[in-house]
Amino acid sequence: MSKVLVALIPEPHAPVELREVAEPELELNSALMDVELSEVCGTDVYLQQGRLAGVPYPLVPGHVSVGRLGKIRGTLSDVEGTPFAEGDRVTFLDVHKTCHACWHCLVAKATTRCPSRKVYGITYGLADGLSGGWAEKIYLKPDTRVVRLGDADSETFMAGGCALPTALHAVERAEVEIGDTVLVLGSGPVGLSAVIFALMRGALRVLCIGAPAARLETARIVGAAATLDIETSDEGEREGWVLAQTNGRGADVTIEATGAPVAVAQAMRYTRDAGRVCVVGQYTDHGAVSFNPHLDLNKKHLDVRGCWGSDFSHFYRGAQLMADATRARPWSLMRLERYGLARANDALADVASGRVIKALIDPTLQ
Ligand SMILES: [Zn+2]
Ligand SMILES: [Zn+2]
C-alpha cells in the first residue's frame, strides 16, 4: 500500500508535524485527488490555537485546494451531470453532507447552518480519512461536490481560495447596489476579495480600512479607491476619514471582515443612516463587544446582517469567474507565497503576522 505525506496539527497549540499515512481504499463513487495547491488562511491559524469548537484533532488543515483527479472508483459527475475522468483538473466544495432534509435546509432555507454539514480540513480530522489539503493527496468522499477548473489558472484560483466563496456570499448578502460606496473593514484575503466583488456588483467606490501596509497596497491594486491603515490611525481618525470620504454620511454598505469583535461596532458607526452592515469576519469566537442600541442601531435605521459560511452556489460561481481571465485579473495581481509541507509552521506564522498577502501550500516543494 502506498503512503501519502501529510502535514497535521496533532492537538491544539502543538506545532504542525509531518506524517505518512496509508493511501485509502476508495468507496464506490469516490476519488483520490493529487493536490497541486492548498492554502493557509486565518481559520487555520485559529485551528492551531484551538479556538474553534468541534474540531477533531489530529487534523490535516487546508479546506480549499486544487489538483488533479488521480484515481476514481465508480462515477463522479459535475453539477451538469458530466462525469469526471482521471487526470481532470478540479477543486471541490469543502462543505460535505449538507442534508437538504432538515429544518435548517428546508424551512429556514439556511443550508450553511445545516447541523449535518462537515467541512474538509476543519471538522473532518485525520480519523475521517485524508480530508485536508496540506497533503500530497485528498480523499474525495462520495457526494463531495467537485468542480472543474476549466481554464482557471491554479495559482489565481487559490489567490481567492476559501475567501472567494466567503466574500462572494458576503457581498451578495450585503446587497451592494450600483453606485454604492462600500466600506470593507479588513484587508486579509476575505476583505480583498470583498473589494473586488463589491466593484463587480456595481459599487462606485470601495474604501478599505486594514493593515499592514502591503495588504492595503494590494487592496488599492485590486480596485479600492482609498485605504486607511489601522496601525497608524485611532478610532476617531478612522470615523473622520470615513465621513470625509462619504459627504459626511457614512458608507452605504459596510462589510466587516476583520476577526476583531470591536470592528462590528465600528462598522455600525461608519455606515450611513438606513445603510447595511454585513458581518462575515467573526467565524471564530473572539468574545463580546458593546454598542449603543439607540445611537448605533435603532436611530440609524440600520440593517445589520450576519453571513455564515458559503454554499455550493457561491463556490461554483466563484470558480466560473476564475475561469474567465478578464474577470479573474484582480486576483492574478495578488502576491502569493508558496510553502512546502515541511514549512507549514512558517506559513502559519506568516499568515498570523500578516506578513504575506496569501500563503499557499505546495506539496511538491521540499
Ligand atoms: Zn479558509
Ligand atoms: Zn440540513
# chains A, B, ... in the order shown; residues from 1 in each chain; ligands from 1
>>> select_by_dssp(residues="range 178-344 of chain A", states="strand (DSSP E or B)", output="VMD selection string")
chain A and resid 181 to 185 205 to 210 226 to 229 251 to 256 271 to 279 303 to 306 336 to 339
>>> residues_around(residues="Glu25 in chain A", least_positions_apart="5", cutoff="10 Å", atoms="only C-alpha atoms", output="list in words")
Met1, Ser30, Ala31, Leu32, Arg73 and Tyr139 of chain A
>>> closest_atom_pairs(of="chain A", to="ligand 2", cutoff="10 Å", atoms="only C-alpha atoms and all ligand atoms", output="Markdown table")
| residue | atom | partner | partner_atom_place_in_ligand_line | distance |
| --- | --- | --- | --- | --- |
| A:Lys97 | CA | ligand 2 | 1 (Zn) | 8.2 |
| A:Thr98 | CA | ligand 2 | 1 (Zn) | 5.3 |
| A:Cys99 | CA | ligand 2 | 1 (Zn) | 3.9 |
| A:His100 | CA | ligand 2 | 1 (Zn) | 4.7 |
| A:Ala101 | CA | ligand 2 | 1 (Zn) | 5.2 |
| A:Cys102 | CA | ligand 2 | 1 (Zn) | 4.2 |
| A:Trp103 | CA | ligand 2 | 1 (Zn) | 6.6 |
| A:His104 | CA | ligand 2 | 1 (Zn) | 5.6 |
| A:Cys105 | CA | ligand 2 | 1 (Zn) | 4.4 |
| A:Leu106 | CA | ligand 2 | 1 (Zn) | 7.3 |
| A:Val107 | CA | ligand 2 | 1 (Zn) | 9.7 |
| A:Ala108 | CA | ligand 2 | 1 (Zn) | 9.9 |
| A:Lys109 | CA | ligand 2 | 1 (Zn) | 9.0 |
| A:Ala110 | CA | ligand 2 | 1 (Zn) | 8.4 |
| A:Thr111 | CA | ligand 2 | 1 (Zn) | 6.1 |
| A:Thr112 | CA | ligand 2 | 1 (Zn) | 8.4 |
| A:Arg113 | CA | ligand 2 | 1 (Zn) | 7.5 |
| A:Cys114 | CA | ligand 2 | 1 (Zn) | 4.0 |
| A:Pro115 | CA | ligand 2 | 1 (Zn) | 6.1 |
| A:Ser116 | CA | ligand 2 | 1 (Zn) | 5.8 |
| A:Arg117 | CA | ligand 2 | 1 (Zn) | 7.2 |
>>> write_last_selection(atoms="N, CA and C atoms", output="PDB file, in the first residue's frame")
ATOM      1  N   LYS A  97     -21.916  16.844   3.100  1.00  0.00           N
ATOM      2  CA  LYS A  97     -23.017  16.267   3.903  1.00  0.00           C
ATOM      3  C   LYS A  97     -24.114  17.260   4.274  1.00  0.00           C
ATOM      4  N   THR A  98     -24.208  18.419   3.611  1.00  0.00           N
ATOM      5  CA  THR A  98     -25.395  19.248   3.819  1.00  0.00           C
ATOM      6  C   THR A  98     -26.582  18.358   3.472  1.00  0.00           C
ATOM      7  N   CYS A  99     -27.591  18.261   4.389  1.00  0.00           N
ATOM      8  CA  CYS A  99     -28.548  17.146   4.221  1.00  0.00           C
ATOM      9  C   CYS A  99     -29.706  17.454   3.274  1.00  0.00           C
ATOM     10  N   HIS A 100     -30.040  18.727   3.102  1.00  0.00           N
ATOM     11  CA  HIS A 100     -31.200  19.120   2.285  1.00  0.00           C
ATOM     12  C   HIS A 100     -32.467  18.376   2.732  1.00  0.00           C
ATOM     13  N   ALA A 101     -32.544  18.060   4.028  1.00  0.00           N
ATOM     14  CA  ALA A 101     -33.714  17.343   4.558  1.00  0.00           C
ATOM     15  C   ALA A 101     -34.127  17.833   5.939  1.00  0.00           C
ATOM     16  N   CYS A 102     -33.347  18.714   6.557  1.00  0.00           N
ATOM     17  CA  CYS A 102     -33.636  19.134   7.942  1.00  0.00           C
ATOM     18  C   CYS A 102     -34.389  20.468   7.957  1.00  0.00           C
ATOM     19  N   TRP A 103     -34.739  20.894   9.170  1.00  0.00           N
ATOM     20  CA  TRP A 103     -35.451  22.172   9.328  1.00  0.00           C
ATOM     21  C   TRP A 103     -34.638  23.334   8.746  1.00  0.00           C
ATOM     22  N   HIS A 104     -33.322  23.375   9.067  1.00  0.00           N
ATOM     23  CA  HIS A 104     -32.487  24.468   8.571  1.00  0.00           C
ATOM     24  C   HIS A 104     -32.461  24.496   7.036  1.00  0.00           C
ATOM     25  N   CYS A 105     -32.294  23.316   6.442  1.00  0.00           N
ATOM     26  CA  CYS A 105     -32.202  23.251   4.975  1.00  0.00           C
ATOM     27  C   CYS A 105     -33.540  23.555   4.302  1.00  0.00           C
ATOM     28  N   LEU A 106     -34.625  22.958   4.825  1.00  0.00           N
ATOM     29  CA  LEU A 106     -35.897  23.012   4.095  1.00  0.00           C
ATOM     30  C   LEU A 106     -36.817  24.154   4.505  1.00  0.00           C
ATOM     31  N   VAL A 107     -36.847  24.490   5.784  1.00  0.00           N
ATOM     32  CA  VAL A 107     -37.788  25.517   6.240  1.00  0.00           C
ATOM     33  C   VAL A 107     -37.109  26.886   6.285  1.00  0.00           C
ATOM     34  N   ALA A 108     -35.980  26.966   6.989  1.00  0.00           N
ATOM     35  CA  ALA A 108     -35.281  28.256   7.086  1.00  0.00           C
ATOM     36  C   ALA A 108     -34.525  28.578   5.794  1.00  0.00           C
ATOM     37  N   LYS A 109     -34.330  27.564   4.951  1.00  0.00           N
ATOM     38  CA  LYS A 109     -33.524  27.718   3.726  1.00  0.00           C
ATOM     39  C   LYS A 109     -32.163  28.339   4.057  1.00  0.00           C
ATOM     40  N   ALA A 110     -31.582  27.850   5.126  1.00  0.00           N
ATOM     41  CA  ALA A 110     -30.270  28.319   5.569  1.00  0.00           C
ATOM     42  C   ALA A 110     -29.352  27.100   5.596  1.00  0.00           C
ATOM     43  N   THR A 111     -28.957  26.649   4.397  1.00  0.00           N
ATOM     44  CA  THR A 111     -28.188  25.393   4.323  1.00  0.00           C
ATOM     45  C   THR A 111     -26.814  25.515   4.973  1.00  0.00           C
ATOM     46  N   THR A 112     -26.299  26.756   5.081  1.00  0.00           N
ATOM     47  CA  THR A 112     -24.981  26.875   5.717  1.00  0.00           C
ATOM     48  C   THR A 112     -25.079  26.663   7.234  1.00  0.00           C
ATOM     49  N   ARG A 113     -26.300  26.562   7.751  1.00  0.00           N
ATOM     50  CA  ARG A 113     -26.486  26.266   9.175  1.00  0.00           C
ATOM     51  C   ARG A 113     -26.984  24.828   9.379  1.00  0.00           C
ATOM     52  N   CYS A 114     -26.964  24.022   8.336  1.00  0.00           N
ATOM     53  CA  CYS A 114     -27.394  22.622   8.455  1.00  0.00           C
ATOM     54  C   CYS A 114     -26.522  21.920   9.496  1.00  0.00           C
ATOM     55  N   PRO A 115     -27.133  21.307  10.521  1.00  0.00           N
ATOM     56  CA  PRO A 115     -26.311  20.676  11.561  1.00  0.00           C
ATOM     57  C   PRO A 115     -25.558  19.435  11.080  1.00  0.00           C
ATOM     58  N   SER A 116     -25.919  18.875   9.937  1.00  0.00           N
ATOM     59  CA  SER A 116     -25.223  17.680   9.442  1.00  0.00           C
ATOM     60  C   SER A 116     -23.938  18.010   8.703  1.00  0.00           C
ATOM     61  N   ARG A 117     -23.744  19.266   8.322  1.00  0.00           N
ATOM     62  CA  ARG A 117     -22.624  19.580   7.423  1.00  0.00           C
ATOM     63  C   ARG A 117     -21.272  19.367   8.101  1.00  0.00           C
TER      64      ARG A 117
END
>>> closest_residue(among="A:Leu37, A:Ile9, A:Lys358, A:Cys307", to="Glu155 in chain A", atoms="only C-alpha atoms")
A:Leu37
>>> residues_around(residues="Cys278 in chain A", least_positions_apart="5", cutoff="9 Å", atoms="only C-alpha atoms", output="PyMOL selection string")
chain A and resi 170-171+173-174+253-257+264+267+303-307
>>> write_last_selection(atoms="N, CA and C atoms", output="PDB file, in the first residue's frame")
ATOM      1  N   ALA A 170     -20.781  37.248   1.136  1.00  0.00           N
ATOM      2  CA  ALA A 170     -20.924  38.462   1.951  1.00  0.00           C
ATOM      3  C   ALA A 170     -21.403  39.643   1.109  1.00  0.00           C
ATOM      4  N   VAL A 171     -20.839  39.789  -0.083  1.00  0.00           N
ATOM      5  CA  VAL A 171     -21.215  40.920  -0.936  1.00  0.00           C
ATOM      6  C   VAL A 171     -22.655  40.756  -1.433  1.00  0.00           C
ATOM      7  N   ARG A 173     -25.004  39.060   0.243  1.00  0.00           N
ATOM      8  CA  ARG A 173     -25.834  39.261   1.435  1.00  0.00           C
ATOM      9  C   ARG A 173     -25.929  40.740   1.798  1.00  0.00           C
ATOM     10  N   ALA A 174     -24.877  41.496   1.506  1.00  0.00           N
ATOM     11  CA  ALA A 174     -24.866  42.936   1.781  1.00  0.00           C
ATOM     12  C   ALA A 174     -25.691  43.703   0.752  1.00  0.00           C
ATOM     13  N   VAL A 253     -22.862  50.793   2.421  1.00  0.00           N
ATOM     14  CA  VAL A 253     -22.762  49.393   2.859  1.00  0.00           C
ATOM     15  C   VAL A 253     -21.385  49.194   3.483  1.00  0.00           C
ATOM     16  N   THR A 254     -21.345  48.519   4.631  1.00  0.00           N
ATOM     17  CA  THR A 254     -20.057  48.169   5.229  1.00  0.00           C
ATOM     18  C   THR A 254     -19.975  46.657   5.388  1.00  0.00           C
ATOM     19  N   ILE A 255     -18.857  46.104   4.961  1.00  0.00           N
ATOM     20  CA  ILE A 255     -18.616  44.660   5.102  1.00  0.00           C
ATOM     21  C   ILE A 255     -17.494  44.482   6.104  1.00  0.00           C
ATOM     22  N   GLU A 256     -17.806  43.795   7.192  1.00  0.00           N
ATOM     23  CA  GLU A 256     -16.815  43.578   8.259  1.00  0.00           C
ATOM     24  C   GLU A 256     -16.135  42.253   8.003  1.00  0.00           C
ATOM     25  N   ALA A 257     -14.809  42.271   7.813  1.00  0.00           N
ATOM     26  CA  ALA A 257     -14.050  41.047   7.517  1.00  0.00           C
ATOM     27  C   ALA A 257     -12.728  41.068   8.277  1.00  0.00           C
ATOM     28  N   VAL A 264     -17.102  45.217  14.595  1.00  0.00           N
ATOM     29  CA  VAL A 264     -18.541  45.120  14.300  1.00  0.00           C
ATOM     30  C   VAL A 264     -19.247  46.402  14.746  1.00  0.00           C
ATOM     31  N   ALA A 267     -18.207  49.121  12.418  1.00  0.00           N
ATOM     32  CA  ALA A 267     -18.907  49.019  11.130  1.00  0.00           C
ATOM     33  C   ALA A 267     -20.262  49.718  11.212  1.00  0.00           C
ATOM     34  N   ASP A 303     -29.522  48.250   9.025  1.00  0.00           N
ATOM     35  CA  ASP A 303     -29.775  46.835   8.747  1.00  0.00           C
ATOM     36  C   ASP A 303     -28.443  46.097   8.945  1.00  0.00           C
ATOM     37  N   VAL A 304     -28.362  45.266   9.986  1.00  0.00           N
ATOM     38  CA  VAL A 304     -27.119  44.541  10.297  1.00  0.00           C
ATOM     39  C   VAL A 304     -27.354  43.051  10.068  1.00  0.00           C
ATOM     40  N   ARG A 305     -26.521  42.441   9.244  1.00  0.00           N
ATOM     41  CA  ARG A 305     -26.720  41.027   8.890  1.00  0.00           C
ATOM     42  C   ARG A 305     -25.470  40.201   9.157  1.00  0.00           C
ATOM     43  N   GLY A 306     -25.672  39.002   9.631  1.00  0.00           N
ATOM     44  CA  GLY A 306     -24.570  38.051   9.727  1.00  0.00           C
ATOM     45  C   GLY A 306     -24.491  37.261   8.428  1.00  0.00           C
ATOM     46  N   CYS A 307     -23.337  36.669   8.189  1.00  0.00           N
ATOM     47  CA  CYS A 307     -23.146  35.868   6.977  1.00  0.00           C
ATOM     48  C   CYS A 307     -22.296  34.664   7.357  1.00  0.00           C
TER      49      CYS A 307
END
>>> residues_near_ligand(ligand="ligand 1", cutoff="7 Å", atoms="only C-alpha atoms and all ligand atoms", output="JSON, numbers by chain")
{"A": [40, 41, 42, 43, 44, 63, 162, 163]}
>>> closest_residue(among="A:Gly150, A:Gly129, A:Pro83, A:Pro58", to="Val21 in chain A", atoms="only C-alpha atoms")
A:Gly129
>>> closest_residue(among="A:Pro12, A:Gly281, A:Pro56, A:Pro142", to="Asn29 in chain A", atoms="only C-alpha atoms")
A:Pro142
